[in-house]
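A.B. asks: For reference, the structure I am asking about is given below.
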Amino acid sequence: MTNVRFAVLQISCVVISGLVGALVPQIPTAALHDPSAYASQIADMHTRYDPLSILGFNVGPGMVDLFERLGFFQVFNTPWFVGLLALLAVSITVCTLDRTPRLWYGVRRITVEQPPEFFDLRLAERARFAGASLSADDVSQILRRKHFKVRRVKANDGAVEWVYGDRNQYFKMATLLTHLGLILFLAGGAITAAFGFETVVFVGEGQTAPVQPVGTPHDLLVKNIHFDAPQRADGSFEDFSTDLAVYQDGVEIARKTIRVNDPLQVGGFVFHQNTFGPSANIDVRDSTGQLVWTGPVILAGQFLGLPQGFLTIPGSTIGLLLVIETDASGMPILAVSGLGPSAADGSSDIVFESVLAVGTTSEPSQTAGYSITWDGTGAWTGMVVKNDPGAPIIWIAFMCLIAGLILSFYFPRRRVWGRFESSGLSVAMLADRYVDGKREFDALLDVLAGRGGGTPERGSFSAPPAPSASPSPSP
Amino acid sequence: MEQLSLMLLYLGAICMVIAFIALVVHATLLATASRSPVAVFGTTLAAAGAGGGSATIGASGGPTSAASATTAGGIGQAMTWATVILFGLSLAIRGYLEGRGPWGNMFEFTAAFAFGVVAGYLYLGRRYPIRAIGFLPLGVALFLTAYAISLPTGIEPLVPALSNPELLTVHVLMAIISYGIFATSFGAAVAYLAQGPNDRYSWLPSHKVLDEVAYRAVIVGFPIFATLIILGSWWASIAWGRYWGWDPIETSALTTWLIYAVYLHARNLKGWAGRPAALILVVGFGGILFTYFGLEFFNNSLHAYSGLPVQ
């Protein structure tokens with residue numbers, strides 16, 4: 001679990017899974033909970049890929065079946081992918097717990113008094129100013145100007161004095177913040193999946209709709225007071241907005257015009273403008289002339305690419321299937337099909353068929369005794385309504401992740417040692433791997449040289465001493 | 001003003017072509033000179049500063065850390081600077097006209113991506129002697145610019161989903177910076193794969209320099225890429241009601257980020273440093289291009305905004 005190779009392997013598996021998920025079309029989540037919608041999606045995959053042949057062999061049908069069995073059409077919902085993420089979370093947690101004591105010990109343990117071998121010029125970032133006029137005060141001042149925290153120790157006999165500078169001492173711990181961010185992100189996602197509530201509400205203009213299932217105590221009701229989708233001269237949409245009111249226990253608790261980038265937040269829910277479509281405004285009267293329906297019917301479905309909607313006539317077993325199309329002259333017409341009660345196999349008989357122009361009414365004798373009037377078209381609005389208890393954790397996760405990465409990569413730890421002896425000053429620098437150590441050490445030496453250090457003596461530090469070589473004592 | 005912005009971009013593109021050719025010539029001359037001690041036609045080989053060029057041949061025939069420069073290299077460098085200035089001005093004017101970051105459609109984003117690639121190369125080129133591989137990031141930028149010019153160039157109002165100028169500006173800016181700097185890490189990785197741990201070609205920067213450049217680029221780009229994803233997630237939560245939806249583009253961006261995470265972990269592992277790490281960087285930049293082109297090709301993505309008619 002704490003092995004970096006294992007971490008690399010796990011991340012690689014997530015990467016490969018992600019690539020599969022990005023390349024292979026994914027079945028919408030909603031269809032995964034609806035067997036007929038799922039079957040329709042798989043049929044669509046077959047239509048799309050069945051003709052695929054490789055070297056004359058028709059591999060399409062087998063490939064779709066194999067992909068379905070492996071879960072490639074729903075990668076991010078498959079147990080193996082969720083398990084992979086869970087394993088990654090556990091692995092990061094174990095790794096973080098394992099590293100924390102060592103990291104803490106590493107940043108806390110400071111050795112100011114380094115032996116001469118530490119300043120061996122054959123090591124990287126080592127230099128020596130022989131006979132320099134630099135004092136420990138000078139070096140301390142220079143280091144402080146470079147934002148180092150300075151400590152000084154003098155040998156008992158006064159022959160040697162060490163100056164130690166430490167910059168960003170504790171920032172090495174920031175890597176824990178990064179890993180914590182990743183863990184929290186996965187935890188937040190799990191909380192969202194387990195306890196979050198999300199629904200899509202389609203509401204015609206002037207209509208209201210419940211947010212949660214009917215019967216939920218203190219359920220919210222939303223009312224689409226007005227939907228607007230102004231178009232530009234070129235036909236593109238300039239904006240989508242819904243004048244939205246939210247009610248609870250019969251009292252309006254919020255009202256706002258929501259837009260794609262400007263949702264409404266109230267009662268623990270967020271209402272996002274998500275989609276819209278056409279509606280057909282109709283009136284339906286029964287054989288006695290009594291109005292049984294007036295208002296918009298949402299045409300959220302499609303029939304041969306045309307907007308389609310369905311309405312069950314209140315108090316009747318007859319349903320109306322509505323499709324808006326155009327006649328030969330290009331004028332809009334509403335095709336109305338009356339459907340009888342559903343049979344055991346789900347099919348329905350067509351009771352009547354009628355075609356209406358805007359402002360016209362059907363002949364009751366031809367529409368099962370009902371008068372159906374098409375008043376015109378309108379628009380419905382589609383909102384994503386969400387209650388996400390995982391969201392605060394996600395934002396904390398993001399902050400941890402970014403803070404950890406920025407501190408680790410842009411503010412890494414650097415340490416500088418100076419050892420003063422009668423023969424001169426030895427300087428050494430150690431830095432995290434994110435630091436261009438050579439460049440910074442060169443810059444430091446330039447400053448020291450400018451303050452009276454003279455020309456520093458450098459070793460051939462590009463190659464570290466061979467393991468067998470014993471460190472040579474400082475002159 | 002819009003025409004001026006376009007003219008500056010076209011001028012920048014011309015400078016980019018010249019820079020690319022000059023840097024190819026520069027690399028060719030260095031390669032030729034490394035095989036022969038005799039001066040090459042039209043070439044001045046001389047010691048140069050840190051930004052000057054690549055490794056030269058030492059007395060033993062092996063590479064040294066000294067740098068070399070050619071006249072072509074100098075021209076290439078100057079033209080690269082001209083490119084970045086002209087592109088920068090063009091984008092600044094366009095941004096002024098639009099009142100937001102000028103990357104609201106595929107043309108603008110591609111031009112800005114090319115700008116980011118060139119700027120990233122120049123940023124790293126100031127610290128490391130990488131002129132000999134300059135033609136690699138410049139080649140990427142040139143390809144992007146050619147593609148950008150083939151797209152509709154008009155200033156169009158944002159579609160409602162993108163109508164969040166502040167987040168659009170910062171979110172895509174993060175993409176431009178990180179993608180741009182990763183292009184140089186890609187160039188350094190490709191050169192590393194050619195160079196090998198034994199410094200096969202004396203005209204190329206040493207494998208240590210290439211490794212360092214690639215690493216430095218990732219160090220700079222990785223947190224910025226993370227910020228890009230996080231800002232995108234924040235924006236998605238505002239606009240689409242969810243911070244993560246496994247949209248093809250966000251999945252692709254996350255996957256790419258993870259590839260660079262693998263690199264950062266693997267580079268310090270025995271057996272992974274060197275060639276394998278360089279290979280990961282090449283794959284990582286493949287991920288960048290995949291994410292970028294996905295903006296157009298994944299028509300089912302909520303990120304699709306090429307400005308081209310949907311096929």
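Here, A, B, ... name the chains of the structure tokens in the order displayed, residue numbers run from 1 inside each chain, and ligands are numbered from 1 in the same displayed order.
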With only C-alpha atoms as the counted atoms, please give the residues lying no more than 7 Å from B:Thr110, apart from itself and same-chain residues fewer than 5 positions off, as a PyMOL selection string.

C.D. replies: chain B and resi 144-145+148

A.B. asks: For the structure I just gave you, how does DSSP split stretch 49-101 of chain A - specifically, which residues are strand (DSSP E)? Reply as a list in words.

C.D. replies: Ser53, Ile54, Phe57 and Asn58 of chain A

A.B. asks: Can those selected residues be exported to a file as a CSV table (one decimal), in the first residue's frame so that it contains N, CA, C and O atoms?

C.D. replies:
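Saved to part.csv:
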```csv
chain,number,residue,atom,x,y,z
A,53,SER,N,-16.0,-3.7,-39.4
A,53,SER,CA,-15.3,-4.9,-39.9
A,53,SER,C,-13.8,-4.6,-39.8
A,53,SER,O,-13.3,-3.5,-40.1
A,54,ILE,N,-13.0,-5.6,-39.4
A,54,ILE,CA,-11.6,-5.5,-39.4
A,54,ILE,C,-11.0,-6.7,-40.3
A,54,ILE,O,-11.4,-7.9,-40.0
A,57,PHE,N,-13.5,-9.2,-41.4
A,57,PHE,CA,-14.3,-9.9,-40.4
A,57,PHE,C,-15.2,-8.8,-39.7
A,57,PHE,O,-14.8,-7.8,-39.3
A,58,ASN,N,-16.5,-9.2,-39.7
A,58,ASN,CA,-17.4,-8.3,-39.0
A,58,ASN,C,-17.3,-8.4,-37.5
A,58,ASN,O,-17.8,-9.4,-36.9
```

A.B. asks: Taking only C-alpha atoms into account, find every residue of chain B that has an atom no more than 8 Å from chain A, and write it out as a tab-separated table (two decimals) with N, CA, C and O atoms, in the first residue's frame.

C.D. replies:
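Output contents, as saved in result-v4.tsv:
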```tsv
chain	number	residue	atom	x	y	z
B	159	VAL	N	-21.92	31.80	-26.16
B	159	VAL	CA	-23.17	31.05	-26.00
B	159	VAL	C	-23.55	31.13	-24.51
B	159	VAL	O	-22.67	31.33	-23.66
B	160	PRO	N	-24.84	31.02	-24.20
B	160	PRO	CA	-25.26	31.21	-22.80
B	160	PRO	C	-24.47	30.36	-21.80
B	160	PRO	O	-24.16	30.82	-20.70
B	161	ALA	N	-24.13	29.13	-22.18
B	161	ALA	CA	-23.43	28.25	-21.23
B	161	ALA	C	-22.05	28.81	-20.85
B	161	ALA	O	-21.54	28.54	-19.77
B	162	LEU	N	-21.43	29.56	-21.77
B	162	LEU	CA	-20.10	30.11	-21.49
B	162	LEU	C	-20.18	31.53	-20.95
B	162	LEU	O	-19.15	32.16	-20.74
B	163	SER	N	-21.38	32.01	-20.76
B	163	SER	CA	-21.54	33.42	-20.41
B	163	SER	C	-21.19	33.68	-18.95
B	163	SER	O	-22.04	34.03	-18.13
B	164	ASN	N	-19.94	33.49	-18.64
B	164	ASN	CA	-19.40	33.79	-17.32
B	164	ASN	C	-17.99	34.32	-17.56
B	164	ASN	O	-17.01	33.58	-17.44
B	216	ARG	N	11.17	20.64	-14.89
B	216	ARG	CA	10.85	22.00	-14.48
B	216	ARG	C	9.51	22.44	-15.09
B	216	ARG	O	8.68	23.06	-14.44
B	219	ILE	N	6.78	20.80	-13.20
B	219	ILE	CA	6.64	21.42	-11.88
B	219	ILE	C	5.81	22.70	-11.98
B	219	ILE	O	4.94	22.96	-11.14
B	220	VAL	N	6.09	23.49	-13.01
B	220	VAL	CA	5.36	24.74	-13.18
B	220	VAL	C	3.92	24.46	-13.63
B	220	VAL	O	2.97	25.04	-13.13
B	223	PRO	N	0.56	22.24	-11.06
B	223	PRO	CA	-0.43	22.91	-10.20
B	223	PRO	C	-1.39	23.79	-11.00
B	223	PRO	O	-2.55	23.93	-10.63
B	226	ALA	N	-3.94	21.59	-12.38
B	226	ALA	CA	-4.88	21.22	-11.32
B	226	ALA	C	-5.88	22.36	-11.09
B	226	ALA	O	-7.09	22.12	-10.93
B	227	THR	N	-5.39	23.60	-11.12
B	227	THR	CA	-6.27	24.76	-10.94
B	227	THR	C	-7.28	24.84	-12.08
B	227	THR	O	-8.46	25.16	-11.86
B	230	ILE	N	-9.97	22.31	-11.35
B	230	ILE	CA	-10.78	22.71	-10.20
B	230	ILE	C	-11.70	23.89	-10.55
B	230	ILE	O	-12.88	23.90	-10.20
B	238	ILE	N	-21.79	25.60	-11.03
B	238	ILE	CA	-22.67	26.78	-11.19
B	238	ILE	C	-23.57	26.61	-12.41
B	238	ILE	O	-24.77	26.81	-12.35
B	239	ALA	N	-22.95	26.22	-13.53
B	239	ALA	CA	-23.68	26.23	-14.79
B	239	ALA	C	-24.51	24.97	-15.01
B	239	ALA	O	-25.61	25.04	-15.55
B	240	TRP	N	-23.97	23.83	-14.62
B	240	TRP	CA	-24.64	22.58	-14.96
B	240	TRP	C	-25.18	21.84	-13.73
B	240	TRP	O	-25.76	20.76	-13.87
B	241	GLY	N	-24.92	22.38	-12.55
B	241	GLY	CA	-25.48	21.78	-11.35
B	241	GLY	C	-24.73	20.59	-10.84
B	241	GLY	O	-25.22	19.85	-10.00
B	246	TRP	N	-18.19	13.39	-15.46
B	246	TRP	CA	-17.51	12.49	-16.38
B	246	TRP	C	-17.81	12.86	-17.83
B	246	TRP	O	-17.95	12.00	-18.69
B	247	ASP	N	-17.91	14.15	-18.10
B	247	ASP	CA	-18.00	14.63	-19.48
B	247	ASP	C	-16.70	14.22	-20.18
B	247	ASP	O	-15.63	14.21	-19.55
B	248	PRO	N	-16.75	13.87	-21.47
B	248	PRO	CA	-15.51	13.40	-22.13
B	248	PRO	C	-14.32	14.34	-21.96
B	248	PRO	O	-13.19	13.89	-21.77
B	249	ILE	N	-14.58	15.64	-22.01
B	249	ILE	CA	-13.45	16.57	-21.93
B	249	ILE	C	-12.91	16.63	-20.50
B	249	ILE	O	-11.68	16.64	-20.28
B	251	THR	N	-13.12	14.33	-18.28
B	251	THR	CA	-12.46	13.04	-18.02
B	251	THR	C	-11.08	13.02	-18.68
B	251	THR	O	-10.10	12.57	-18.08
B	252	SER	N	-11.04	13.52	-19.89
B	252	SER	CA	-9.77	13.56	-20.62
B	252	SER	C	-8.75	14.46	-19.91
B	252	SER	O	-7.57	14.11	-19.80
B	255	THR	N	-7.58	12.67	-16.79
B	255	THR	CA	-6.69	11.58	-17.19
B	255	THR	C	-5.30	12.13	-17.52
B	255	THR	O	-4.28	11.57	-17.11
B	256	THR	N	-5.28	13.23	-18.23
B	256	THR	CA	-3.99	13.85	-18.59
B	256	THR	C	-3.25	14.30	-17.34
B	256	THR	O	-2.03	14.10	-17.21
B	258	LEU	N	-3.52	13.08	-14.42
B	258	LEU	CA	-3.04	11.88	-13.73
B	258	LEU	C	-1.78	11.32	-14.41
B	258	LEU	O	-0.89	10.78	-13.74
B	259	ILE	N	-1.71	11.45	-15.73
B	259	ILE	CA	-0.50	10.99	-16.43
B	259	ILE	C	0.71	11.78	-15.92
B	259	ILE	O	1.78	11.21	-15.65
B	262	VAL	N	1.59	10.56	-12.56
B	262	VAL	CA	2.39	9.33	-12.67
B	262	VAL	C	3.85	9.70	-12.95
B	262	VAL	O	4.78	9.15	-12.34
B	265	HIS	N	5.60	10.92	-9.84
B	265	HIS	CA	5.92	9.83	-8.92
B	265	HIS	C	7.00	8.92	-9.49
B	265	HIS	O	7.91	8.49	-8.79
B	266	ALA	N	6.87	8.64	-10.79
B	266	ALA	CA	7.75	7.64	-11.40
B	266	ALA	C	9.16	8.14	-11.62
B	266	ALA	O	10.12	7.36	-11.58
B	269	LEU	N	11.68	7.03	-9.25
B	269	LEU	CA	11.80	5.59	-9.00
B	269	LEU	C	12.91	4.99	-9.84
B	269	LEU	O	13.06	5.34	-11.01
```

A.B. asks: Once DSSP has gone over the backbone, tell me which residues of stretch 84-186 of chain A are in alpha helix (DSSP H), as a ChimeraX atom specification.

C.D. replies: /A:84-108,136-145,174-186

A.B. asks: Please list as a count of residues only every residue within 10 Å of stretch 91-107 of chain A, counting only C-alpha atoms and excluding residues in the same chain fewer than 5 positions away.

C.D. replies: 26

A.B. asks: Given the choices B:Met79, B:Val24, B:Val190, B:Ile176, which gets closest to B:Leu11 if the distance is worked out from only C-alpha atoms?

C.D. replies: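 Among the listed residues, B:Met79 lies closest to B:Leu11.
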
A.B. asks: Please provide as a count of residues only all residues within 9 Å of A:Thr381, with the sequence filter that same-chain residues fewer than 5 positions apart are discarded (counting only C-alpha atoms).

C.D. replies: 17

A.B. asks: Of the residues B:Ser233, B:Thr80, B:Ser206, B:Thr70, which is the one nearest to B:Ala33, using only C-alpha atoms?

C.D. replies: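 Residue with the minimum atom-to-atom distance to B:Ala33: B:Thr70.
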
A.B. asks: Excluding B:Gly134 and any residue of its chain fewer than 3 positions from it, enumerate the residues within 10 Å of it, using only C-alpha atoms, and give them as a list of chain:residue names.

C.D. replies: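 Residues meeting the cut-off are B:Ala19, B:Phe20, B:Ala22, B:Leu23, B:Val24, B:His26, B:Ala27, B:Gly53, B:Gly73, B:Gly76, B:Gln77, B:Thr80, B:Val118, B:Tyr121, B:Leu122, B:Gly125, B:Pro129, B:Ile130, B:Arg131, B:Pro137, B:Leu138, B:Gly139, B:Thr184, B:Gly187, B:Ala188.
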
A.B. asks: Quick one: write out the picked residues with N, CA and C atoms as a PDB file, in the first residue's frame?

C.D. replies:
```pdb
ATOM      1  N   ALA B  19      10.702  31.763 -37.589  1.00  0.00           N
ATOM      2  CA  ALA B  19      11.376  31.247 -36.387  1.00  0.00           C
ATOM      3  C   ALA B  19      11.550  29.744 -36.473  1.00  0.00           C
ATOM      4  N   PHE B  20      10.496  29.072 -36.912  1.00  0.00           N
ATOM      5  CA  PHE B  20      10.555  27.605 -37.007  1.00  0.00           C
ATOM      6  C   PHE B  20      11.628  27.182 -38.006  1.00  0.00           C
ATOM      7  N   ALA B  22      14.177  28.915 -39.076  1.00  0.00           N
ATOM      8  CA  ALA B  22      15.508  29.289 -38.569  1.00  0.00           C
ATOM      9  C   ALA B  22      15.976  28.305 -37.491  1.00  0.00           C
ATOM     10  N   LEU B  23      15.058  27.873 -36.639  1.00  0.00           N
ATOM     11  CA  LEU B  23      15.466  26.946 -35.578  1.00  0.00           C
ATOM     12  C   LEU B  23      15.752  25.545 -36.129  1.00  0.00           C
ATOM     13  N   VAL B  24      15.043  25.180 -37.196  1.00  0.00           N
ATOM     14  CA  VAL B  24      15.362  23.903 -37.855  1.00  0.00           C
ATOM     15  C   VAL B  24      16.757  24.001 -38.467  1.00  0.00           C
ATOM     16  N   HIS B  26      19.099  26.008 -37.527  1.00  0.00           N
ATOM     17  CA  HIS B  26      20.018  26.069 -36.394  1.00  0.00           C
ATOM     18  C   HIS B  26      20.372  24.655 -35.914  1.00  0.00           C
ATOM     19  N   ALA B  27      19.342  23.849 -35.722  1.00  0.00           N
ATOM     20  CA  ALA B  27      19.580  22.484 -35.242  1.00  0.00           C
ATOM     21  C   ALA B  27      20.368  21.682 -36.276  1.00  0.00           C
ATOM     22  N   GLY B  53      22.099  27.944 -26.583  1.00  0.00           N
ATOM     23  CA  GLY B  53      21.975  26.815 -27.481  1.00  0.00           C
ATOM     24  C   GLY B  53      22.145  25.506 -26.787  1.00  0.00           C
ATOM     25  N   GLY B  73      20.160  30.423 -35.392  1.00  0.00           N
ATOM     26  CA  GLY B  73      19.595  30.298 -34.056  1.00  0.00           C
ATOM     27  C   GLY B  73      19.201  31.650 -33.493  1.00  0.00           C
ATOM     28  N   GLY B  76      16.194  32.816 -35.248  1.00  0.00           N
ATOM     29  CA  GLY B  76      15.061  32.038 -34.743  1.00  0.00           C
ATOM     30  C   GLY B  76      14.591  32.558 -33.410  1.00  0.00           C
ATOM     31  N   GLN B  77      15.544  32.862 -32.542  1.00  0.00           N
ATOM     32  CA  GLN B  77      15.185  33.356 -31.209  1.00  0.00           C
ATOM     33  C   GLN B  77      14.499  34.720 -31.301  1.00  0.00           C
ATOM     34  N   THR B  80      11.100  34.308 -32.601  1.00  0.00           N
ATOM     35  CA  THR B  80      10.227  33.709 -31.578  1.00  0.00           C
ATOM     36  C   THR B  80       9.713  34.800 -30.638  1.00  0.00           C
ATOM     37  N   VAL B 118       4.572  29.048 -27.302  1.00  0.00           N
ATOM     38  CA  VAL B 118       5.767  29.858 -27.597  1.00  0.00           C
ATOM     39  C   VAL B 118       6.259  30.548 -26.314  1.00  0.00           C
ATOM     40  N   TYR B 121       8.005  28.086 -24.059  1.00  0.00           N
ATOM     41  CA  TYR B 121       9.355  27.779 -24.554  1.00  0.00           C
ATOM     42  C   TYR B 121      10.326  28.904 -24.201  1.00  0.00           C
ATOM     43  N   LEU B 122       9.879  30.145 -24.403  1.00  0.00           N
ATOM     44  CA  LEU B 122      10.776  31.273 -24.104  1.00  0.00           C
ATOM     45  C   LEU B 122      11.068  31.357 -22.605  1.00  0.00           C
ATOM     46  N   GLY B 125      13.431  28.692 -21.943  1.00  0.00           N
ATOM     47  CA  GLY B 125      14.654  28.973 -22.697  1.00  0.00           C
ATOM     48  C   GLY B 125      15.531  30.017 -22.040  1.00  0.00           C
ATOM     49  N   PRO B 129      19.644  26.007 -21.708  1.00  0.00           N
ATOM     50  CA  PRO B 129      20.113  26.093 -23.106  1.00  0.00           C
ATOM     51  C   PRO B 129      19.359  25.108 -23.999  1.00  0.00           C
ATOM     52  N   ILE B 130      18.183  25.490 -24.469  1.00  0.00           N
ATOM     53  CA  ILE B 130      17.343  24.534 -25.216  1.00  0.00           C
ATOM     54  C   ILE B 130      17.038  25.015 -26.632  1.00  0.00           C
ATOM     55  N   ARG B 131      17.846  25.963 -27.129  1.00  0.00           N
ATOM     56  CA  ARG B 131      17.524  26.474 -28.457  1.00  0.00           C
ATOM     57  C   ARG B 131      17.589  25.369 -29.514  1.00  0.00           C
ATOM     58  N   PRO B 137       8.792  22.696 -29.869  1.00  0.00           N
ATOM     59  CA  PRO B 137       7.602  23.454 -29.441  1.00  0.00           C
ATOM     60  C   PRO B 137       7.115  24.436 -30.506  1.00  0.00           C
ATOM     61  N   LEU B 138       8.071  25.018 -31.253  1.00  0.00           N
ATOM     62  CA  LEU B 138       7.647  25.946 -32.316  1.00  0.00           C
ATOM     63  C   LEU B 138       6.847  25.205 -33.381  1.00  0.00           C
ATOM     64  N   GLY B 139       7.235  23.974 -33.646  1.00  0.00           N
ATOM     65  CA  GLY B 139       6.491  23.156 -34.607  1.00  0.00           C
ATOM     66  C   GLY B 139       5.068  22.911 -34.133  1.00  0.00           C
ATOM     67  N   THR B 184       6.694  22.354 -24.105  1.00  0.00           N
ATOM     68  CA  THR B 184       8.159  22.343 -24.036  1.00  0.00           C
ATOM     69  C   THR B 184       8.645  21.093 -23.309  1.00  0.00           C
ATOM     70  N   GLY B 187       8.706  18.597 -25.941  1.00  0.00           N
ATOM     71  CA  GLY B 187       9.883  18.745 -26.806  1.00  0.00           C
ATOM     72  C   GLY B 187      11.127  18.195 -26.140  1.00  0.00           C
ATOM     73  N   ALA B 188      11.291  18.526 -24.854  1.00  0.00           N
ATOM     74  CA  ALA B 188      12.481  18.048 -24.127  1.00  0.00           C
ATOM     75  C   ALA B 188      12.445  16.525 -23.995  1.00  0.00           C
TER      76      ALA B 188
END
```

A.B. asks: As a PyMOL selection string, please: the residues near stretch 280-283 of chain B (cut-off 9 Å, only C-alpha atoms, same-chain neighbours under 3 positions excluded).

C.D. replies: chain B and resi 182+185-187+189-190+214+218+256+259-260+262-263+275-277+286-288

A.B. asks: Just C-alpha atoms for this one: save the residues we selected as a short mmCIF file (atom, residue, chain, number, x, y, z; two decimals), in the first residue's frame.

C.D. replies:
```cif
data_model
loop_
_atom_site.label_atom_id
_atom_site.label_comp_id
_atom_site.auth_asym_id
_atom_site.auth_seq_id
_atom_site.Cartn_x
_atom_site.Cartn_y
_atom_site.Cartn_z
CA PHE B 182 3.77 21.14 -21.25
CA SER B 185 8.29 19.39 -21.66
CA PHE B 186 7.11 17.32 -24.62
CA GLY B 187 9.88 18.74 -26.81
CA ALA B 189 11.14 14.51 -23.66
CA VAL B 190 11.27 13.78 -27.39
CA ALA B 214 11.07 18.59 -18.81
CA VAL B 218 5.94 19.87 -15.29
CA THR B 256 -3.99 13.85 -18.59
CA ILE B 259 -0.50 10.99 -16.43
CA TYR B 260 1.63 13.90 -15.23
CA VAL B 262 2.39 9.33 -12.67
CA TYR B 263 5.42 11.10 -14.15
CA ARG B 275 13.54 7.01 -20.90
CA PRO B 276 10.34 5.69 -19.25
CA ALA B 277 9.74 9.06 -17.60
CA GLY B 286 -0.75 13.30 -26.32
CA GLY B 287 -3.38 13.61 -23.60
CA ILE B 288 -3.23 17.40 -23.86
#
```

A.B. asks: Record the distance separating atom CA of A:Ser140 and atom CA of A:Leu448, expressed in Å with one decimal.

C.D. replies: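 So the two atoms, atom CA of A:Ser140 and atom CA of A:Leu448, lie 10.8 Å apart.
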
A.B. asks: List as a PyMOL selection string the protein and nucleic acid residues near A:Gly315, meaning an atom at most 12 Å away when only C-alpha atoms are counted, but skip any in the same chain fewer than 3 places from it.

C.D. replies: chain A and resi 284-286+290-293+311-312+318-319

A.B. asks: Write a file of the selected residues as a PDB file, in the first residue's frame, keeping N, CA and C atoms.

C.D. replies:
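Output saved as part23.pdb:
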```
ATOM      1  N   VAL A 284     -58.931  21.487 -23.335  1.00  0.00           N
ATOM      2  CA  VAL A 284     -59.715  20.274 -23.586  1.00  0.00           C
ATOM      3  C   VAL A 284     -61.035  20.394 -22.829  1.00  0.00           C
ATOM      4  N   ARG A 285     -62.123  20.229 -23.551  1.00  0.00           N
ATOM      5  CA  ARG A 285     -63.456  20.256 -22.929  1.00  0.00           C
ATOM      6  C   ARG A 285     -64.125  18.907 -23.173  1.00  0.00           C
ATOM      7  N   ASP A 286     -64.895  18.464 -22.151  1.00  0.00           N
ATOM      8  CA  ASP A 286     -65.559  17.173 -22.323  1.00  0.00           C
ATOM      9  C   ASP A 286     -66.864  17.365 -23.101  1.00  0.00           C
ATOM     10  N   GLN A 290     -67.533  21.145 -20.371  1.00  0.00           N
ATOM     11  CA  GLN A 290     -66.764  21.550 -19.181  1.00  0.00           C
ATOM     12  C   GLN A 290     -65.265  21.479 -19.482  1.00  0.00           C
ATOM     13  N   LEU A 291     -64.583  22.503 -19.069  1.00  0.00           N
ATOM     14  CA  LEU A 291     -63.129  22.560 -19.290  1.00  0.00           C
ATOM     15  C   LEU A 291     -62.427  21.548 -18.374  1.00  0.00           C
ATOM     16  N   VAL A 292     -61.705  20.618 -18.955  1.00  0.00           N
ATOM     17  CA  VAL A 292     -61.000  19.624 -18.121  1.00  0.00           C
ATOM     18  C   VAL A 292     -59.482  19.836 -18.145  1.00  0.00           C
ATOM     19  N   TRP A 293     -59.019  20.579 -19.123  1.00  0.00           N
ATOM     20  CA  TRP A 293     -57.583  20.903 -19.130  1.00  0.00           C
ATOM     21  C   TRP A 293     -57.357  22.205 -19.883  1.00  0.00           C
ATOM     22  N   LEU A 311     -50.285  13.804 -22.806  1.00  0.00           N
ATOM     23  CA  LEU A 311     -51.160  14.292 -21.731  1.00  0.00           C
ATOM     24  C   LEU A 311     -52.285  13.292 -21.533  1.00  0.00           C
ATOM     25  N   THR A 312     -52.469  12.851 -20.299  1.00  0.00           N
ATOM     26  CA  THR A 312     -53.643  12.037 -19.987  1.00  0.00           C
ATOM     27  C   THR A 312     -54.779  13.001 -19.656  1.00  0.00           C
ATOM     28  N   ILE A 318     -58.224   8.212 -21.584  1.00  0.00           N
ATOM     29  CA  ILE A 318     -57.643   8.541 -22.902  1.00  0.00           C
ATOM     30  C   ILE A 318     -56.441   9.461 -22.729  1.00  0.00           C
ATOM     31  N   GLY A 319     -55.394   9.126 -23.449  1.00  0.00           N
ATOM     32  CA  GLY A 319     -54.205   9.967 -23.440  1.00  0.00           C
ATOM     33  C   GLY A 319     -54.047  10.644 -24.787  1.00  0.00           C
TER      34      GLY A 319
END
```

A.B. asks: Nearest to B:Trp244 among B:Leu231, B:Leu29, B:Leu151, B:Met106, with distances taken over only C-alpha atoms: which residue is it?

C.D. replies: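 Of all the options, B:Leu231 lies closest to B:Trp244.
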